[in-house]
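Structure file final_34.txt; described as compact mmCIF, C-alpha atoms.
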```
# COMPACT_ATOMS: atom_id res chain seq x y z
CA MET A 1 68.00 78.31 81.07
CA ARG A 2 66.70 81.61 79.76
CA THR A 3 66.17 82.96 83.25
CA LEU A 4 69.74 81.99 84.09
CA LEU A 5 71.03 83.84 81.05
CA ARG A 6 68.91 86.85 81.92
CA LEU A 7 70.24 86.72 85.45
CA ILE A 8 73.81 86.66 84.20
CA GLN A 9 73.07 89.54 81.89
CA LYS A 10 71.47 91.51 84.67
CA TYR A 11 74.38 91.06 87.02
CA SER A 12 77.14 91.03 84.40
CA ASN A 13 78.77 94.16 85.83
CA LEU A 14 78.72 92.79 89.33
CA LEU A 15 80.22 89.52 88.08
CA LEU A 16 82.93 91.36 86.16
CA PHE A 17 83.66 93.42 89.29
CA LEU A 18 83.95 90.30 91.44
CA PHE A 19 86.14 88.60 88.83
CA LEU A 20 88.58 91.52 88.61
CA GLU A 21 88.71 91.87 92.40
CA ALA A 22 89.41 88.15 92.65
CA ILE A 23 92.42 88.56 90.36
CA ALA A 24 93.68 91.43 92.54
CA ILE A 25 93.19 89.43 95.75
CA VAL A 26 95.02 86.44 94.28
CA LEU A 27 97.91 88.76 93.39
CA ILE A 28 97.98 90.14 96.93
CA VAL A 29 97.81 86.77 98.66
CA ARG A 30 100.45 85.22 96.43
CA GLY A 31 102.61 88.31 96.85
CA SER A 32 105.86 86.51 97.44
CA TYR A 33 105.48 84.21 94.44
CA TYR A 34 104.60 87.20 92.36
CA GLN A 35 108.03 88.62 93.10
CA GLN A 36 109.65 85.66 91.37
CA SER A 37 107.40 85.22 88.38
CA ARG A 38 108.83 85.47 84.90
CA PHE A 39 106.43 88.30 84.12
CA ILE A 40 107.84 90.41 86.90
CA GLN A 41 111.40 89.67 85.87
CA MET A 42 110.58 91.04 82.44
CA ASN A 43 108.75 94.01 83.87
CA ARG A 44 111.70 94.77 86.12
CA GLN A 45 113.93 95.21 83.08
CA VAL A 46 111.52 97.81 81.68
CA THR A 47 110.83 99.71 84.90
CA GLY A 48 114.50 99.49 85.85
CA PHE A 49 115.43 101.15 82.56
CA LEU A 50 112.86 103.94 83.06
CA TYR A 51 113.80 104.59 86.66
CA ASP A 52 117.43 104.65 85.64
CA ARG A 53 116.79 107.63 83.36
CA VAL A 54 114.68 109.63 85.78
CA ASP A 55 116.99 109.09 88.72
CA GLY A 56 119.80 110.78 86.88
CA VAL A 57 118.02 114.06 87.56
CA ARG A 58 117.33 113.30 91.18
CA GLU A 59 120.90 112.24 91.71
CA TYR A 60 122.19 115.48 90.27
CA LEU A 61 120.07 117.51 92.64
CA THR A 62 121.49 115.83 95.73
CA LEU A 63 125.14 115.82 94.65
CA ARG A 64 126.20 118.20 97.37
CA LYS A 65 124.83 116.06 100.18
CA VAL A 66 126.23 112.86 98.67
CA ASN A 67 129.65 114.46 98.29
CA GLN A 68 129.58 115.56 101.89
CA ARG A 69 128.90 112.03 103.03
CA LEU A 70 131.61 110.54 100.85
CA VAL A 71 134.12 113.00 102.24
CA GLU A 72 133.13 112.01 105.75
CA GLU A 73 133.50 108.35 104.97
CA ASN A 74 136.86 108.95 103.32
CA SER A 75 138.24 110.63 106.38
CA ARG A 76 136.89 107.91 108.62
CA LEU A 77 138.54 105.23 106.50
CA LYS A 78 141.80 107.17 106.37
CA ASN A 79 141.81 107.34 110.13
CA ARG A 80 141.36 103.63 110.38
CA LEU A 81 144.09 103.00 107.85
CA GLU A 82 146.37 105.19 109.91
CA LEU A 83 145.57 103.11 112.95
CA PHE A 84 146.50 99.85 111.25
CA SER A 85 149.52 100.99 109.27
CA GLY A 86 151.55 101.09 112.48
CA GLN A 87 150.87 97.42 113.06
CA LEU A 88 151.71 96.30 109.53
CA ASP A 89 154.91 94.36 109.24
CA THR A 90 156.29 95.74 106.00
CA THR A 91 159.22 93.32 105.85
CA ARG A 92 156.97 90.36 105.28
CA VAL A 93 155.73 89.63 101.79
CA LEU A 94 151.98 89.85 101.62
CA ARG A 95 150.48 86.81 100.01
CA VAL A 96 147.04 87.04 98.52
CA GLU A 97 145.53 83.63 98.24
CA LYS A 98 142.08 82.29 97.62
CA GLY A 99 139.94 82.85 100.64
CA ALA A 100 142.06 85.70 101.92
CA TYR A 101 139.29 88.12 101.11
CA ARG A 102 136.28 87.08 103.04
CA TYR A 103 134.06 89.98 102.05
CA TYR A 104 134.04 91.90 98.83
CA TYR A 105 132.26 95.25 98.44
CA LEU A 106 130.65 96.06 95.11
CA PRO A 107 129.43 99.64 94.59
CA ALA A 108 125.91 100.08 93.19
CA ARG A 109 123.53 102.91 92.51
CA ILE A 110 119.90 103.03 93.62
CA VAL A 111 117.52 103.50 90.70
CA HIS A 112 114.26 103.17 92.61
CA ASN A 113 113.45 103.58 96.26
CA SER A 114 110.31 103.73 98.37
CA VAL A 115 110.14 104.60 102.06
CA TYR A 116 106.58 105.51 102.88
CA LYS A 117 104.96 102.12 102.36
CA GLN A 118 104.64 99.14 104.67
CA TYR A 119 106.53 96.88 102.29
CA ASN A 120 109.27 99.05 100.86
CA TYR A 121 111.68 97.91 98.17
CA ILE A 122 114.82 99.34 96.62
CA THR A 123 116.02 98.64 93.07
CA ILE A 124 119.76 98.85 92.36
CA ASP A 125 121.58 98.94 89.03
CA LYS A 126 123.70 95.82 89.56
CA GLY A 127 122.44 92.32 88.80
CA LYS A 128 123.46 88.77 88.02
CA LYS A 129 126.01 89.91 85.45
CA ASP A 130 127.81 91.80 88.20
CA GLY A 131 127.61 88.89 90.60
CA VAL A 132 124.70 90.10 92.69
CA PHE A 133 122.48 87.28 93.92
CA ARG A 134 119.79 86.61 96.47
CA ASP A 135 120.67 87.04 100.18
CA MET A 136 123.63 89.35 99.77
CA GLY A 137 123.93 92.22 102.22
CA VAL A 138 123.59 95.86 101.18
CA VAL A 139 125.16 98.74 103.13
CA SER A 140 125.54 102.48 102.60
CA GLU A 141 128.36 104.69 103.77
CA GLN A 142 126.16 105.39 106.82
CA GLY A 143 125.37 101.79 107.76
CA LEU A 144 122.99 98.89 107.18
CA VAL A 145 120.55 99.16 104.24
CA GLY A 146 119.05 95.74 103.52
CA ILE A 147 119.30 92.34 101.84
CA VAL A 148 119.09 91.46 98.13
CA LEU A 149 115.79 89.76 97.36
CA GLU A 150 115.91 88.99 93.65
CA SER A 151 118.22 89.86 90.79
CA SER A 152 117.74 90.02 87.02
CA ASN A 153 120.62 90.44 84.58
CA HIS A 154 121.22 94.13 85.20
CA PHE A 155 119.10 95.00 88.22
CA ALA A 156 118.38 93.66 91.67
CA THR A 157 115.67 94.37 94.23
CA VAL A 158 116.67 94.90 97.84
CA ILE A 159 114.42 94.42 100.85
CA PRO A 160 115.48 97.31 103.12
CA ALA A 161 115.46 97.42 106.93
CA ILE A 162 112.25 99.46 106.63
CA ASN A 163 110.11 96.63 105.22
CA ARG A 164 107.78 94.67 107.47
CA ASP A 165 109.19 91.39 106.15
CA PHE A 166 112.74 92.35 107.11
CA ARG A 167 114.41 90.30 109.88
CA LEU A 168 118.09 90.38 110.82
CA SER A 169 120.16 89.39 113.80
CA ALA A 170 121.73 92.48 115.40
CA LYS A 171 123.56 93.08 118.66
CA ILE A 172 124.38 95.80 121.13
CA LEU A 173 127.97 96.82 120.56
CA SER A 174 128.94 97.38 124.19
CA SER A 175 127.48 94.19 125.70
CA ASN A 176 127.25 91.81 122.70
CA PHE A 177 123.65 90.81 123.48
CA ALA A 178 122.05 89.79 120.18
CA GLY A 179 118.40 90.24 119.20
CA ILE A 180 116.18 90.43 116.16
CA LEU A 181 115.99 93.66 114.19
CA TYR A 182 112.65 94.32 112.49
CA TRP A 183 110.43 97.19 111.40
CA ASP A 184 107.00 98.07 112.77
CA GLY A 185 105.88 99.98 109.69
CA ASP A 186 105.77 103.27 111.53
CA SER A 187 108.53 105.71 110.63
CA PRO A 188 111.37 105.20 108.12
CA LEU A 189 113.75 106.72 110.67
CA TYR A 190 113.30 104.04 113.34
CA ALA A 191 113.46 100.23 113.51
CA ARG A 192 112.89 97.90 116.46
CA LEU A 193 115.10 95.40 118.22
CA SER A 194 113.48 92.57 120.16
CA GLU A 195 114.56 89.56 122.21
CA ILE A 196 117.25 91.33 124.23
CA PRO A 197 116.93 89.66 127.68
CA PHE A 198 115.90 91.80 130.64
CA HIS A 199 119.22 91.48 132.49
CA ALA A 200 121.13 93.30 129.75
CA GLU A 201 122.14 96.81 130.74
CA LEU A 202 120.96 99.38 128.24
CA THR A 203 121.56 103.09 127.87
CA VAL A 204 119.92 105.44 125.43
CA GLY A 205 122.50 106.17 122.74
CA ASP A 206 124.14 102.71 122.75
CA THR A 207 125.23 101.60 119.29
CA ILE A 208 123.53 98.64 117.58
CA VAL A 209 125.58 96.71 114.99
CA THR A 210 125.07 93.59 112.86
CA SER A 211 125.95 90.37 114.65
CA GLY A 212 127.44 88.44 111.74
CA TYR A 213 125.46 85.32 112.69
CA SER A 214 123.47 85.30 109.50
CA ALA A 215 126.45 84.94 107.11
CA ILE A 216 124.99 87.84 105.16
CA PHE A 217 126.74 90.76 106.82
CA PRO A 218 130.15 90.88 108.43
CA ASP A 219 130.21 91.45 112.17
CA GLY A 220 129.94 95.06 113.35
CA ILE A 221 128.25 97.01 110.54
CA GLY A 222 126.50 100.00 112.09
CA VAL A 223 122.71 99.79 112.32
CA GLY A 224 121.73 102.65 114.61
CA THR A 225 121.55 103.86 118.19
CA ILE A 226 119.10 103.09 120.98
CA ASP A 227 116.46 105.79 121.01
CA ALA A 228 114.09 104.42 123.66
CA PHE A 229 113.41 101.08 125.37
CA SER A 230 110.86 99.43 127.60
CA LEU A 231 110.39 96.01 129.18
CA GLU A 232 107.79 94.00 127.30
CA ARG A 233 105.97 91.60 129.61
CA GLY A 234 108.95 91.31 131.89
CA ASN A 235 111.35 89.08 129.99
CA PHE A 236 112.55 90.94 126.95
CA TYR A 237 113.28 94.52 126.07
CA ASP A 238 111.43 96.27 123.29
CA ILE A 239 113.94 98.72 121.88
CA ARG A 240 113.41 101.55 119.41
CA VAL A 241 116.48 102.02 117.24
CA LYS A 242 117.28 105.27 115.45
CA LEU A 243 118.69 104.05 112.13
CA PHE A 244 122.00 105.41 110.84
CA THR A 245 120.92 105.16 107.22
CA GLU A 246 118.69 107.93 105.91
CA PHE A 247 116.56 105.94 103.49
CA GLN A 248 114.90 109.02 102.05
CA SER A 249 118.10 110.37 100.53
CA LEU A 250 119.96 107.22 99.63
CA PHE A 251 121.80 106.91 96.32
CA HIS A 252 125.04 104.98 96.57
CA VAL A 253 125.26 101.64 98.29
CA ASN A 254 127.66 98.71 98.48
CA VAL A 255 126.63 95.11 97.96
CA ILE A 256 128.56 92.72 100.19
CA ARG A 257 129.64 89.40 98.80
CA ASN A 258 130.64 86.83 101.41
CA TYR A 259 133.01 84.31 99.78
CA LEU A 260 132.75 81.89 102.68
CA ARG A 261 128.97 81.96 102.96
CA GLU A 262 128.41 78.66 101.11
CA GLU A 263 131.03 76.95 103.21
CA GLN A 264 129.48 78.17 106.45
CA LEU A 265 125.93 77.25 105.44
CA GLN A 266 127.07 73.84 104.20
CA LEU A 267 128.76 73.10 107.50
CA GLU A 268 125.77 74.25 109.51
CA GLU A 269 123.49 72.14 107.32
CA ASN A 270 125.65 69.04 107.84
CA THR A 271 125.81 69.52 111.57
CA ARG A 272 122.08 69.75 111.96
CA MET B 1 84.14 113.35 68.27
CA ASN B 2 83.87 109.98 69.96
CA MET B 3 87.30 108.88 68.77
CA GLY B 4 88.69 112.16 70.06
CA ILE B 5 87.37 111.42 73.54
CA ILE B 6 88.82 107.92 73.53
CA ALA B 7 92.21 109.14 72.33
CA ARG B 8 92.22 111.88 74.95
CA ASN B 9 91.44 109.38 77.69
CA ILE B 10 94.18 106.98 76.60
CA PHE B 11 96.62 109.87 76.52
CA ARG B 12 95.50 110.95 80.00
CA PHE B 13 95.93 107.39 81.29
CA ILE B 14 99.55 107.23 80.13
CA VAL B 15 100.45 110.72 81.33
CA LEU B 16 98.90 110.18 84.77
CA VAL B 17 100.53 106.78 85.36
CA LEU B 18 103.95 108.11 84.37
CA LEU B 19 103.45 111.26 86.45
CA GLN B 20 102.47 109.12 89.41
CA VAL B 21 105.29 106.58 89.36
CA LEU B 22 108.12 108.78 88.11
CA VAL B 23 107.42 112.05 89.93
CA LEU B 24 104.75 111.91 92.62
CA ASP B 25 105.90 108.66 94.23
CA ASN B 26 109.06 110.54 95.13
CA VAL B 27 107.11 113.29 96.85
CA MET B 28 106.72 112.46 100.49
CA ILE B 29 105.40 114.64 103.23
CA ASN B 30 106.41 113.55 106.72
CA GLY B 31 107.54 110.25 105.24
CA TYR B 32 103.90 109.18 105.36
CA MET B 33 101.82 110.70 102.66
CA VAL B 34 101.89 110.46 98.89
CA PRO B 35 99.39 112.25 96.67
CA TYR B 36 97.79 109.56 94.49
CA VAL B 37 96.83 111.76 91.58
CA TYR B 38 96.45 108.92 89.07
CA LEU B 39 92.86 108.55 90.34
CA LEU B 40 92.09 111.63 88.27
CA PHE B 41 91.81 109.32 85.26
CA LEU B 42 88.84 107.49 86.81
CA LEU B 43 87.32 110.73 88.05
CA LEU B 44 87.31 112.33 84.62
CA MET B 45 85.95 109.38 82.61
CA PRO B 46 82.82 110.49 80.69
CA PHE B 47 79.43 109.84 82.30
CA GLU B 48 78.30 107.61 79.43
CA THR B 49 81.25 105.20 79.65
CA PRO B 50 79.84 101.63 79.76
CA ARG B 51 80.21 100.12 83.22
CA TRP B 52 82.24 97.13 82.04
CA LEU B 53 84.69 99.54 80.39
CA GLN B 54 84.99 101.54 83.61
CA LEU B 55 85.82 98.34 85.50
CA VAL B 56 88.40 97.19 82.94
CA ALA B 57 89.94 100.67 82.82
CA GLY B 58 90.15 100.72 86.61
CA PHE B 59 91.77 97.31 86.58
CA LEU B 60 94.39 98.32 84.01
CA LEU B 61 95.09 101.57 85.85
CA GLY B 62 95.71 99.84 89.17
CA LEU B 63 97.74 97.08 87.55
CA SER B 64 100.04 99.60 85.82
CA VAL B 65 100.72 101.42 89.08
CA ASP B 66 101.24 98.09 90.88
CA LEU B 67 103.82 96.97 88.34
CA PHE B 68 105.85 100.11 88.77
CA GLU B 69 105.57 100.27 92.53
CA ASN B 70 106.38 96.60 93.03
CA THR B 71 103.19 96.11 95.04
CA PRO B 72 101.20 92.92 94.43
CA GLY B 73 97.65 93.83 93.40
CA MET B 74 96.88 96.38 96.12
CA HIS B 75 96.30 99.34 93.82
CA THR B 76 94.42 97.05 91.44
CA ALA B 77 91.97 95.97 94.14
CA ALA B 78 91.43 99.58 95.24
CA THR B 79 90.93 101.03 91.76
CA VAL B 80 88.53 98.26 90.67
CA LEU B 81 86.48 98.96 93.80
CA VAL B 82 86.40 102.67 93.01
CA ALA B 83 85.51 102.01 89.36
CA PHE B 84 82.62 99.84 90.51
CA LEU B 85 81.29 102.39 92.99
CA ARG B 86 81.78 105.50 90.85
CA PRO B 87 78.39 105.37 89.03
CA HIS B 88 76.63 105.06 92.39
CA LEU B 89 78.56 108.00 93.78
CA LEU B 90 77.72 110.03 90.68
CA ASN B 91 74.02 109.23 91.24
CA LEU B 92 74.35 110.25 94.86
CA PHE B 93 75.85 113.63 93.99
CA ALA B 94 73.72 114.23 90.87
CA PRO B 95 72.20 117.70 90.52
CA ARG B 96 68.42 117.90 90.68
CA ASP B 97 67.91 117.60 86.90
CA GLY B 98 70.58 114.91 86.45
CA TYR B 99 73.69 115.28 84.33
CA GLU B 100 73.38 117.08 81.02
CA PRO B 101 74.43 115.25 77.85
CA GLU B 102 77.70 116.41 76.24
CA THR B 103 79.18 117.39 79.60
CA PHE B 104 81.98 115.84 81.61
CA PRO B 105 82.50 115.40 85.35
CA ARG B 106 84.56 118.54 85.71
CA VAL B 107 84.68 121.76 87.72
CA ARG B 108 83.83 123.70 84.58
CA TYR B 109 80.41 122.05 84.18
CA TYR B 110 79.28 121.30 87.71
CA GLY B 111 81.18 123.73 89.89
CA PHE B 112 83.94 123.64 92.45
CA TYR B 113 81.87 122.43 95.38
CA TRP B 114 80.39 119.50 93.46
CA PHE B 115 83.82 118.41 92.19
CA LEU B 116 85.34 118.62 95.68
CA LYS B 117 82.62 116.40 97.18
CA TYR B 118 82.91 113.88 94.37
CA THR B 119 86.73 113.78 94.53
CA LEU B 120 86.82 113.44 98.31
CA ALA B 121 84.37 110.52 98.23
CA VAL B 122 86.27 108.62 95.52
CA VAL B 123 89.68 109.31 97.06
CA MET B 124 88.57 108.28 100.57
CA ILE B 125 87.19 104.94 99.36
CA HIS B 126 90.33 104.26 97.34
CA HIS B 127 92.74 105.15 100.15
CA PHE B 128 90.73 103.21 102.70
CA ALA B 129 90.94 100.04 100.61
CA LEU B 130 94.57 100.61 99.64
CA PHE B 131 95.98 101.33 103.10
CA TYR B 132 94.15 98.53 104.86
CA LEU B 133 95.15 96.04 102.17
CA GLU B 134 98.72 97.21 102.56
CA VAL B 135 98.74 96.67 106.31
CA PHE B 136 96.59 93.54 105.88
CA GLN B 137 95.68 93.35 109.53
CA LEU B 138 93.56 95.27 111.99
CA LYS B 139 96.28 95.66 114.61
CA ASP B 140 97.18 99.24 113.79
CA PHE B 141 93.59 100.16 113.03
CA PHE B 142 93.67 103.76 114.23
CA SER B 143 97.12 104.74 113.02
CA THR B 144 96.13 103.41 109.59
CA LEU B 145 92.86 105.35 109.77
CA LEU B 146 94.83 108.50 110.47
CA ARG B 147 97.00 107.82 107.43
CA VAL B 148 93.89 107.25 105.32
CA PHE B 149 92.45 110.62 106.31
CA LEU B 150 95.65 112.64 105.98
CA SER B 151 96.56 111.08 102.65
CA SER B 152 93.01 111.51 101.34
CA ILE B 153 93.10 115.21 102.11
CA LEU B 154 96.46 115.57 100.40
CA SER B 155 95.41 113.56 97.30
CA ALA B 156 92.04 115.31 96.97
CA ALA B 157 93.64 118.74 97.36
CA THR B 158 96.24 117.94 94.69
CA ILE B 159 93.60 116.57 92.31
CA VAL B 160 91.26 119.53 92.74
CA LEU B 161 94.12 122.03 92.36
CA SER B 162 95.30 120.27 89.21
CA GLN B 163 91.91 121.12 87.69
CA PHE B 164 92.76 124.80 87.88
CA PHE B 165 96.33 124.63 86.64
CA VAL B 166 97.38 121.60 84.64
CA PHE B 167 94.44 119.50 83.44
CA ARG B 168 92.11 122.37 82.61
CA GLU B 169 91.14 120.86 79.30
```
Would you give me this structure, written as structure tokens?
Amino acid sequence: MRTLLRLIQKYSNLLLFLFLEAIAIVLIVRGSYYQQSRFIQMNRQVTGFLYDRVDGVREYLTLRKVNQRLVEENSRLKNRLELFSGQLDTTRVLRVEKGAYRYYYLPARIVHNSVYKQYNYITIDKGKKDGVFRDMGVVSEQGLVGIVLESSNHFATVIPAINRDFRLSAKILSSNFAGILYWDGDSPLYARLSEIPFHAELTVGDTIVTSGYSAIFPDGIGVGTIDAFSLERGNFYDIRVKLFTEFQSLFHVNVIRNYLREEQLQLEENTR
Amino acid sequence: MNMGIIARNIFRFIVLVLLQVLVLDNVMINGYMVPYVYLLFLLLMPFETPRWLQLVAGFLLGLSVDLFENTPGMHTAATVLVAFLRPHLLNLFAPRDGYEPETFPRVRYYGFYWFLKYTLAVVMIHHFALFYLEVFQLKDFFSTLLRVFLSSILSAATIVLSQFFVFRE
């Protein structure tokens, strides 16, 4: 017994080291559960508040660039409005009924953002109280950003396209071939598109958009352009996509709420 | 005297964690590299600190950074490893007559070259553990190794420079 005690005493530091490392490893392995734990929810309120303050400064410093982008988007939207106004029948009374809006865009501000890690996350300043919940799409004025992972009362975390866990169905605009968009952890400027069959015709510069299959994003939200492609083992293309969204200088985003998502998922569930 | 050292270390802990998560995490070079300066806290802990306290301090340091960065336990694992190995590294780099009492592991006492060696060793070990845990696979072994080296150089350079400008005392 005494030798055992002496042994423990002798190796107490090693034991403490192993114990602390074990805690860390458990945290890493249970990573996804960790995201949901009550402790983290609480912590998110605190860090969200702190990041909120500091980002005010950062936001101010990039005002010029943000303004520029908003102006560009404004003009693009005006052009589209112009296009449609000719087709509008102004004699008919417009009825707005439930279900008429399929998608609703809610503006949000980014309070924390990381781009240089393998598993990047974004925190935005809208949460459950604003109607932001898990699996809602997030876009910027440039294009696709990511998907809401968790939300607390006033904040939500978003898993951006530049996270290794990110998966989304996306298609080539010109040919409608759909594949899986993912990130290889390499550069925050590029993502990858896989599972495009070999008989699809590709050109560098082709636009990639969301497919709308996932009920998260509407059809046709810009993702990026084809930067390079090669045939992987003969059957499928491996495509490098230059992303439209500049994640490094992102501040304003829109959260997309799909009012018909439950209905679609319910139907698909019943059919299965 | 002793209380003063403890208070100074707690203060340094808070300042470095806040500096790291609020300022330095937003500094990116090439979209790849971040200077992890919070390691300076472990580097500057007094020689006489009990080993269990070094381990616990390393654990708390990593956990704080993890909480802010939304990473599950990766920084914690890396900092605990560094805290465990630090006494051995200090022995390895010890001057011929050992470390004098009433001195601290700083440029002022043991010179620039000694501090650079010591910092590089600690930073390399930390980054190696951190980056490989982050990738959690050996597929991109060499590209990760490149990131470890580049980031280590950046972090070590920032830490050593900070000794001459900001954290002189």
Quiz item: What separation in Å, quoted to one decimal, exists between atom CA of Val138 of chain A and atom CA of Val253 of chain A?
Solution: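 Those two atoms sit 6.7 Å apart.
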Practice problem: State, in Å with one decimal place, the distance from atom CA of Arg192 of chain A to atom CA of Tyr121 of chain A. | Solution: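 Taking atom CA of Arg192 of chain A and atom CA of Tyr121 of chain A, their separation equals 18.3 Å.
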Exercise. To one decimal in Å, tell me the separation between atom CA of Tyr104 of chain A and atom CA of Tyr259 of chain A.
Key: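 One can read the atom CA of Tyr104 of chain A to atom CA of Tyr259 of chain A distance as 7.7 Å.
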Exercise. Rank nothing, just name the residue among A:Asp219, A:Asp227, A:Glu263, A:Glu59 nearest to Ala191 of chain A, using all atoms listed in the file.
Key: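 The answer is A:Asp227, which sits nearest to Ala191 of chain A.
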Using all atoms listed in the file, what table do you get, as a Markdown table, when you list each residue of chain B with an atom no more than 9 Å from chain A, its nearest pair of atoms, and their distance in Å rounded to one decimal, rows by chain then rising number?
```
| residue | atom | partner | partner_atom | distance |
| --- | --- | --- | --- | --- |
| B:Leu22 | CA | A:Val54 | CA | 7.0 |
| B:Val23 | CA | A:Val54 | CA | 8.7 |
| B:Asp25 | CA | A:Ser114 | CA | 7.8 |
| B:Asn26 | CA | A:Ser114 | CA | 7.6 |
| B:Met28 | CA | A:Tyr116 | CA | 7.4 |
| B:Asn30 | CA | A:Tyr116 | CA | 8.9 |
| B:Gly31 | CA | A:Tyr116 | CA | 5.4 |
| B:Tyr32 | CA | A:Tyr116 | CA | 5.2 |
| B:Met33 | CA | A:Tyr116 | CA | 7.0 |
| B:Val34 | CA | A:Tyr116 | CA | 7.9 |
| B:Arg51 | CA | A:Asn13 | CA | 6.7 |
| B:Trp52 | CA | A:Asn13 | CA | 5.9 |
| B:Leu55 | CA | A:Phe17 | CA | 6.6 |
| B:Val56 | CA | A:Leu20 | CA | 8.0 |
| B:Phe59 | CA | A:Leu20 | CA | 6.9 |
| B:Leu63 | CA | A:Ala24 | CA | 8.6 |
| B:Leu67 | CA | A:Asn43 | CA | 7.3 |
| B:Phe68 | CA | A:Thr47 | CA | 6.3 |
| B:Glu69 | CA | A:Ser114 | CA | 8.3 |
| B:Asn70 | CA | A:Tyr121 | CA | 7.5 |
| B:Thr71 | CA | A:Tyr119 | CA | 8.0 |
| B:Pro72 | CA | A:Ile28 | CA | 4.9 |
| B:Gly73 | CA | A:Ala24 | CA | 4.7 |
| B:Met74 | CA | A:Ile28 | CA | 6.4 |
| B:His75 | CA | A:Ala24 | CA | 8.4 |
| B:Thr76 | CA | A:Ala24 | CA | 5.8 |
| B:Ala77 | CA | A:Ala24 | CA | 5.1 |
| B:Ala78 | CA | A:Glu21 | CA | 8.7 |
| B:Val80 | CA | A:Glu21 | CA | 6.6 |
| B:Leu81 | CA | A:Glu21 | CA | 7.6 |
| B:Ala83 | CA | A:Phe17 | CA | 8.8 |
| B:Phe84 | CA | A:Phe17 | CA | 6.6 |
| B:Leu133 | CA | A:Ile28 | CA | 8.4 |
| B:Glu134 | CA | A:Gln118 | CA | 6.6 |
| B:Val135 | CA | A:Gln118 | CA | 6.6 |
| B:Ser143 | CA | A:Asp186 | CA | 8.9 |
```
Quiz prompt | Nearest-residue call for Arg8 of chain B, choices B:Ile153, B:Leu39, B:Leu24, B:Leu44, using all atoms listed in the file | solution =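 Using all atoms listed in the file, the shortest distance to Arg8 of chain B belongs to B:Leu44.
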